[in-house]
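Visitor: Sharing a structure with you now.
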Amino acid sequence: MPRESENWKYLIVGPKKLWTQIGLPLNLYSHSPRPDIFFTPSHYAPRFSPIPTAISIMDLSYIHFPELFDKRDLYQLKNWTEYSAKNAKKVFTISNASRDDIIKIYHLKPEDVVVTYPGIKKISNLKFQMSNLKIIQEKFKIPGKFILFVGTIQPRKNIGALIKAFSKISQDYKDTDLVIVGKKGWLFEPIFKLPQEISIENRVHFLDFVNDEDLDVLYKNAICFCLPSLYEGFGLPVLEAMQHGCPVITSNVSSLPEAGGEAALYVDPKDVGDIAKKITQMIEDKKLREDLIKKGYQHLKKFSWEKTAKETLSVLENLAKKS
């Protein structure tokens with residue numbers, strides 16, 4: 001977080017439990033001077049607020065795939081998000097797909113739901129990354145070429161379908177493995193067991209957390225990045241892959257066509273055969289990979305954190321003026 005300055009201060013509000021419902025509203029009422037506006041980058045806002053409130057909702061995956069969530073988390077997501085959205089003057093989200101969902105599910109006015117696309121962080125110097133590949137391959141025991149996935153290990157990411165698709169082509173491309181980078185999320189046990197169940201455990205590498213420097217090398221040297229997710233609020237790893245010159249395969253659902261634009265190859269995430277076909281196409285067609293890389297660099301110009309911040313600030317300033 002930024003350091004405190006004349007115009008930027010921190011205040012810790014308690015109690016730890018239910019602080020958004022108890023300590024926060026009390027502080028908003030009693031704080032002197034009273035703030036002009038309350039903005040949260042999360043789904044949850046105080047149930048009672050004396051000032052205009054703006055919230056952020058990244059996606060509604062808990063509505064579309066409730067079976068993929070812990071019951072306690074699901075209850076909180078459903079109930080707390082609903083009252084927060086209905087009481088908010090403005091709702092920020094990160095894609096038009098999510099915006100359409102929010103308007104429909106919570107019956108909000110279209111003008112009250114605003115899309116501000118996320119930006120993408122700058123990457124480190126890539127000058128020596130090709131020479132670093134051998135070091136990375138030895139470190140993570142990756143013998144040769146590889147297909148890359150990056151994301152939390154959870155059912156919504158559809159990693160099981162990716163592993164099955166890779167299994168279909170694994171005998172045709174014996175010099176190519178599947179590398180899966182990401183921390184454990186929830187309901188991840190079947191995903192880790194699957195490679196052994198279909199006898200490709202030596203060809204699938206689960207790397208857990210990878211530092212930024214190593215991840216840069218993996219992106220830069222992968223044959224392609226594959227994200228066959230069932231649902232995404234946006235899909236930031238798609239842009240990260242493009243930034244590294246890594247061609248992208250992703251799903252044709254939810255917000256992913258917005259994230260990928262014309263710079264990605266799209267699959268039906270529920271069709272394992274289609275995923276396998278597109279991976280094969282990417283492996284064999286060098287011109288396709290080069291074309292997608294060029295389009296990816298152009299597509300990235302639409303996204304920056306500076307643009308996100310300016311658009312967010314403009315909405316908040318207009319909301320404060322109306323209060």
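Labels used: A, B, ... for chains in the order of the structure tokens, numbers from 1 for residues in each chain, and numbers from 1 for ligands as shown.
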For range 25-135 of chain A against range 233-252 of chain A, with a cut-off of 9 Å and counting only C-alpha atoms, what is the closest atom pair and its distance in Å to one decimal for every residue that makes the cut, ordered by chain and number, as a tab-separated table?

Guide:
```
residue	atom	partner	partner_atom	distance
A:Ile57	CA	A:Gly233	CA	8.7
A:Met58	CA	A:Gly233	CA	5.4
A:Asp59	CA	A:Gly233	CA	4.4
A:Leu60	CA	A:Gly233	CA	7.5
A:Ser61	CA	A:Gly233	CA	7.9
A:Thr93	CA	A:Gly233	CA	8.2
A:Ile94	CA	A:Phe234	CA	6.2
A:Ser95	CA	A:Phe234	CA	5.9
A:Ala97	CA	A:Gly233	CA	7.5
A:Ser98	CA	A:Gly233	CA	5.9
A:Tyr117	CA	A:Phe234	CA	8.2
A:Pro118	CA	A:Leu236	CA	7.8
A:Gly119	CA	A:Leu236	CA	8.5
A:Ile120	CA	A:Glu240	CA	7.1
A:Lys121	CA	A:Glu240	CA	8.4
A:Lys122	CA	A:Gln243	CA	8.7
A:Ile123	CA	A:Gln243	CA	8.0
A:Leu126	CA	A:His244	CA	8.4
```

Visitor: Tell me, which residues of range 132-184 of chain A carry DSSP alpha helix (DSSP H), written as a list in words?

Guide: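 In range 132-184 of chain A, DSSP puts these residues in alpha helix (DSSP H): Asn132, Leu133, Lys134, Ile135, Ile136, Gln137, Glu138, Lys139, Phe140, Ile159, Gly160, Ala161, Leu162, Ile163, Lys164, Ala165, Phe166, Ser167, Lys168 and Ile169 of chain A.
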
Visitor: Where does range 221-313 of chain A meet range 150-171 of chain A within 9 Å, residue by residue, with the nearest atom pair and distance in Å to one decimal for each, counting only C-alpha atoms, listed by chain and rising number, as JSON lines?

Guide:
```
{"residue": "A:Phe225", "atom": "CA", "partner": "A:Val150", "partner_atom": "CA", "distance": 7.9}
{"residue": "A:Cys226", "atom": "CA", "partner": "A:Leu162", "partner_atom": "CA", "distance": 8.0}
{"residue": "A:Leu227", "atom": "CA", "partner": "A:Lys157", "partner_atom": "CA", "distance": 7.3}
{"residue": "A:Pro228", "atom": "CA", "partner": "A:Asn158", "partner_atom": "CA", "distance": 6.0}
{"residue": "A:Ser229", "atom": "CA", "partner": "A:Lys157", "partner_atom": "CA", "distance": 4.2}
{"residue": "A:Leu230", "atom": "CA", "partner": "A:Arg156", "partner_atom": "CA", "distance": 5.5}
{"residue": "A:Tyr231", "atom": "CA", "partner": "A:Arg156", "partner_atom": "CA", "distance": 6.6}
{"residue": "A:Glu232", "atom": "CA", "partner": "A:Lys157", "partner_atom": "CA", "distance": 8.5}
{"residue": "A:Pro237", "atom": "CA", "partner": "A:Val150", "partner_atom": "CA", "distance": 6.8}
{"residue": "A:Pro269", "atom": "CA", "partner": "A:Asn158", "partner_atom": "CA", "distance": 7.4}
{"residue": "A:Lys270", "atom": "CA", "partner": "A:Ala161", "partner_atom": "CA", "distance": 7.5}
{"residue": "A:Asp271", "atom": "CA", "partner": "A:Ala161", "partner_atom": "CA", "distance": 8.0}
{"residue": "A:Val272", "atom": "CA", "partner": "A:Ala165", "partner_atom": "CA", "distance": 5.2}
{"residue": "A:Gly273", "atom": "CA", "partner": "A:Ala165", "partner_atom": "CA", "distance": 6.4}
{"residue": "A:Asp274", "atom": "CA", "partner": "A:Ala165", "partner_atom": "CA", "distance": 8.2}
{"residue": "A:Ile275", "atom": "CA", "partner": "A:Ala165", "partner_atom": "CA", "distance": 5.9}
{"residue": "A:Ala276", "atom": "CA", "partner": "A:Ala165", "partner_atom": "CA", "distance": 4.5}
{"residue": "A:Lys277", "atom": "CA", "partner": "A:Ala165", "partner_atom": "CA", "distance": 8.3}
{"residue": "A:Ile279", "atom": "CA", "partner": "A:Phe166", "partner_atom": "CA", "distance": 7.9}
{"residue": "A:Thr280", "atom": "CA", "partner": "A:Ile169", "partner_atom": "CA", "distance": 7.3}
```

Visitor: Would you mind exporting the chosen residues as a compact mmCIF listing (two decimals), in the first residue's frame, restricted to N, CA and C atoms?

Guide:
```
# COMPACT_ATOMS: atom_id res chain seq x y z
N PHE A 225 -0.22 -20.26 -23.89
CA PHE A 225 -0.90 -20.19 -22.60
C PHE A 225 -2.34 -20.64 -22.84
N CYS A 226 -2.85 -21.50 -21.96
CA CYS A 226 -4.21 -22.02 -22.14
C CYS A 226 -5.04 -21.81 -20.88
N LEU A 227 -6.13 -21.06 -21.00
CA LEU A 227 -7.05 -20.81 -19.88
C LEU A 227 -8.47 -21.17 -20.34
N PRO A 228 -8.87 -22.45 -20.18
CA PRO A 228 -10.20 -22.88 -20.63
C PRO A 228 -11.26 -22.72 -19.55
N SER A 229 -11.23 -21.60 -18.84
CA SER A 229 -12.08 -21.37 -17.67
C SER A 229 -13.57 -21.42 -18.02
N LEU A 230 -14.37 -21.87 -17.06
CA LEU A 230 -15.83 -21.90 -17.24
C LEU A 230 -16.44 -20.52 -17.07
N TYR A 231 -15.74 -19.65 -16.32
CA TYR A 231 -16.29 -18.31 -16.06
C TYR A 231 -15.19 -17.44 -15.47
N GLU A 232 -15.09 -16.21 -15.96
CA GLU A 232 -14.13 -15.24 -15.42
C GLU A 232 -14.77 -13.86 -15.39
N PRO A 237 -4.73 -13.10 -16.51
CA PRO A 237 -3.60 -13.86 -17.05
C PRO A 237 -3.56 -13.89 -18.58
N PRO A 269 -15.26 -24.39 -23.56
CA PRO A 269 -14.61 -24.98 -22.38
C PRO A 269 -15.20 -26.32 -21.95
N LYS A 270 -16.41 -26.63 -22.42
CA LYS A 270 -17.04 -27.90 -22.05
C LYS A 270 -16.75 -29.00 -23.05
N ASP A 271 -15.99 -28.68 -24.09
CA ASP A 271 -15.68 -29.64 -25.15
C ASP A 271 -14.18 -29.97 -25.11
N VAL A 272 -13.84 -31.09 -24.49
CA VAL A 272 -12.44 -31.50 -24.35
C VAL A 272 -11.80 -31.68 -25.72
N GLY A 273 -12.56 -32.20 -26.68
CA GLY A 273 -12.04 -32.40 -28.03
C GLY A 273 -11.67 -31.10 -28.69
N ASP A 274 -12.47 -30.06 -28.46
CA ASP A 274 -12.17 -28.75 -29.04
C ASP A 274 -10.90 -28.16 -28.44
N ILE A 275 -10.73 -28.31 -27.12
CA ILE A 275 -9.52 -27.82 -26.46
C ILE A 275 -8.29 -28.54 -27.02
N ALA A 276 -8.38 -29.87 -27.18
CA ALA A 276 -7.27 -30.65 -27.73
C ALA A 276 -6.95 -30.21 -29.16
N LYS A 277 -7.99 -29.97 -29.94
CA LYS A 277 -7.82 -29.55 -31.35
C LYS A 277 -7.09 -28.22 -31.43
N ILE A 279 -5.13 -26.80 -29.12
CA ILE A 279 -3.75 -26.94 -28.66
C ILE A 279 -2.88 -27.51 -29.79
N THR A 280 -3.41 -28.53 -30.48
CA THR A 280 -2.70 -29.11 -31.62
C THR A 280 -2.43 -28.06 -32.69
```

Visitor: Quick one: residues within 12 Å of Glu317 in chain A, only C-alpha atoms counted, chain neighbours fewer than 5 positions away excluded, as a list in words?

Guide: Asp36, Ile37, Phe38, Phe39, Pro52, Ala54, Lys90, Lys310, Glu311, Thr312, Lys322 and Ser323 of chain A

Visitor: Using only C-alpha atoms, determine which residues lie at most 12 Å from Lys141 in chain A, disregarding the query and same-chain residues fewer than 2 positions distant; provide the list as a ChimeraX atom specification.

Guide: /A:133-139,143-146,177-179,202-207

Visitor: Rank A:Leu28, A:Ala259, A:Leu187, A:Ile200 by their smallest atom-to-atom distance to His299 in chain A, using only C-alpha atoms, and report the top residue only.

Guide: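 The shortest atom-to-atom distance to His299 in chain A comes from A:Ala259.
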
Visitor: Which residues are close to Asp208 in chain A, i.e. within 6 Å by only C-alpha atoms, leaving aside same-chain residues fewer than 5 positions away? Reply as a PyMOL selection string.

Guide: chain A and resi 181-183

Visitor: Pick out the residues sitting within 12 Å of Tyr62 in chain A, and hand them over as an mmCIF file with C-alpha atoms, in the first residue's frame; count only C-alpha atoms, and ignore anything fewer than 2 positions along from it in its own chain.

Guide:
```cif
data_model
loop_
_atom_site.group_PDB
_atom_site.id
_atom_site.type_symbol
_atom_site.label_atom_id
_atom_site.label_comp_id
_atom_site.auth_asym_id
_atom_site.auth_seq_id
_atom_site.Cartn_x
_atom_site.Cartn_y
_atom_site.Cartn_z
ATOM 1 C CA ILE A 57 -18.045 -6.583 -7.941
ATOM 2 C CA MET A 58 -15.521 -8.501 -10.043
ATOM 3 C CA ASP A 59 -17.818 -11.326 -11.085
ATOM 4 C CA LEU A 60 -20.878 -13.369 -10.083
ATOM 5 C CA HIS A 64 -23.447 -19.281 -11.812
ATOM 6 C CA PHE A 65 -21.502 -22.032 -10.023
ATOM 7 C CA PRO A 66 -22.700 -22.200 -6.383
ATOM 8 C CA GLU A 67 -21.603 -25.845 -6.104
ATOM 9 C CA LEU A 68 -17.979 -24.727 -6.395
ATOM 10 C CA PHE A 69 -18.067 -22.648 -3.190
ATOM 11 C CA ASP A 70 -17.871 -23.421 0.502
ATOM 12 C CA LYS A 71 -21.381 -23.120 2.030
ATOM 13 C CA ARG A 72 -20.368 -20.433 4.538
ATOM 14 C CA ASP A 73 -18.601 -18.347 1.883
ATOM 15 C CA LEU A 74 -21.530 -18.798 -0.496
ATOM 16 C CA TYR A 75 -24.038 -17.532 2.078
ATOM 17 C CA GLN A 76 -21.969 -14.431 2.732
ATOM 18 C CA LEU A 77 -21.322 -13.759 -0.950
ATOM 19 C CA LYS A 78 -24.982 -14.049 -1.867
ATOM 20 C CA ASN A 79 -26.480 -12.091 1.010
ATOM 21 C CA THR A 81 -23.320 -8.671 -1.987
ATOM 22 C CA GLU A 82 -27.048 -8.332 -2.650
ATOM 23 C CA ASP A 101 -24.849 -10.119 -15.017
ATOM 24 C CA ILE A 105 -29.298 -10.430 -11.113
ATOM 25 C CA ARG A 156 -14.074 -23.057 -12.126
ATOM 26 C CA TYR A 231 -16.286 -18.306 -16.057
ATOM 27 C CA GLU A 232 -14.132 -15.239 -15.424
ATOM 28 C CA GLY A 233 -14.877 -11.707 -14.284
#
```

Visitor: Between CA of Asn27 in chain A and CA of Val315 in chain A, what is the distance in Å, rounded to a tenth?

Guide: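 CA of Asn27 in chain A sits 23.9 Å away from CA of Val315 in chain A.
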
Visitor: Which polymer residues have any atom within 9 Å of an atom of Ala88 in chain A, counting only C-alpha atoms, with same-chain residues fewer than 3 positions away left out, as JSON, numbers by chain?

Guide: {"A": [45, 52, 53, 54, 55, 83, 84, 85, 91, 112]}

Visitor: I'd like to know which of A:Ala264, A:Ile147, A:Val210, A:Leu319 is closest to Lys294 in chain A, using only C-alpha atoms.

Guide: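 Answer, going by the shortest atom-to-atom distance: A:Ala264.
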
Visitor: Find the residue from A:Val13, A:Ile103, A:Leu218, A:Cys224 that sits nearest to Glu284 in chain A; use only C-alpha atoms when measuring.

Guide: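 Using only C-alpha atoms, the shortest distance to Glu284 in chain A belongs to A:Cys224.
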
Visitor: Pick the closest to Asp100 in chain A from A:Ser254, A:Gly185, A:Thr176, A:Ser5: which is it, counting only C-alpha atoms?

Guide: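 Closest to Asp100 in chain A, using only C-alpha atoms: A:Ser254.
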
Visitor: Could you tell me which of A:Lys89, A:Glu306, A:Tyr10, A:Leu265 comes closest to Arg289 in chain A if we count only C-alpha atoms?

Guide: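 Closest residue, counting only C-alpha atoms: A:Leu265.
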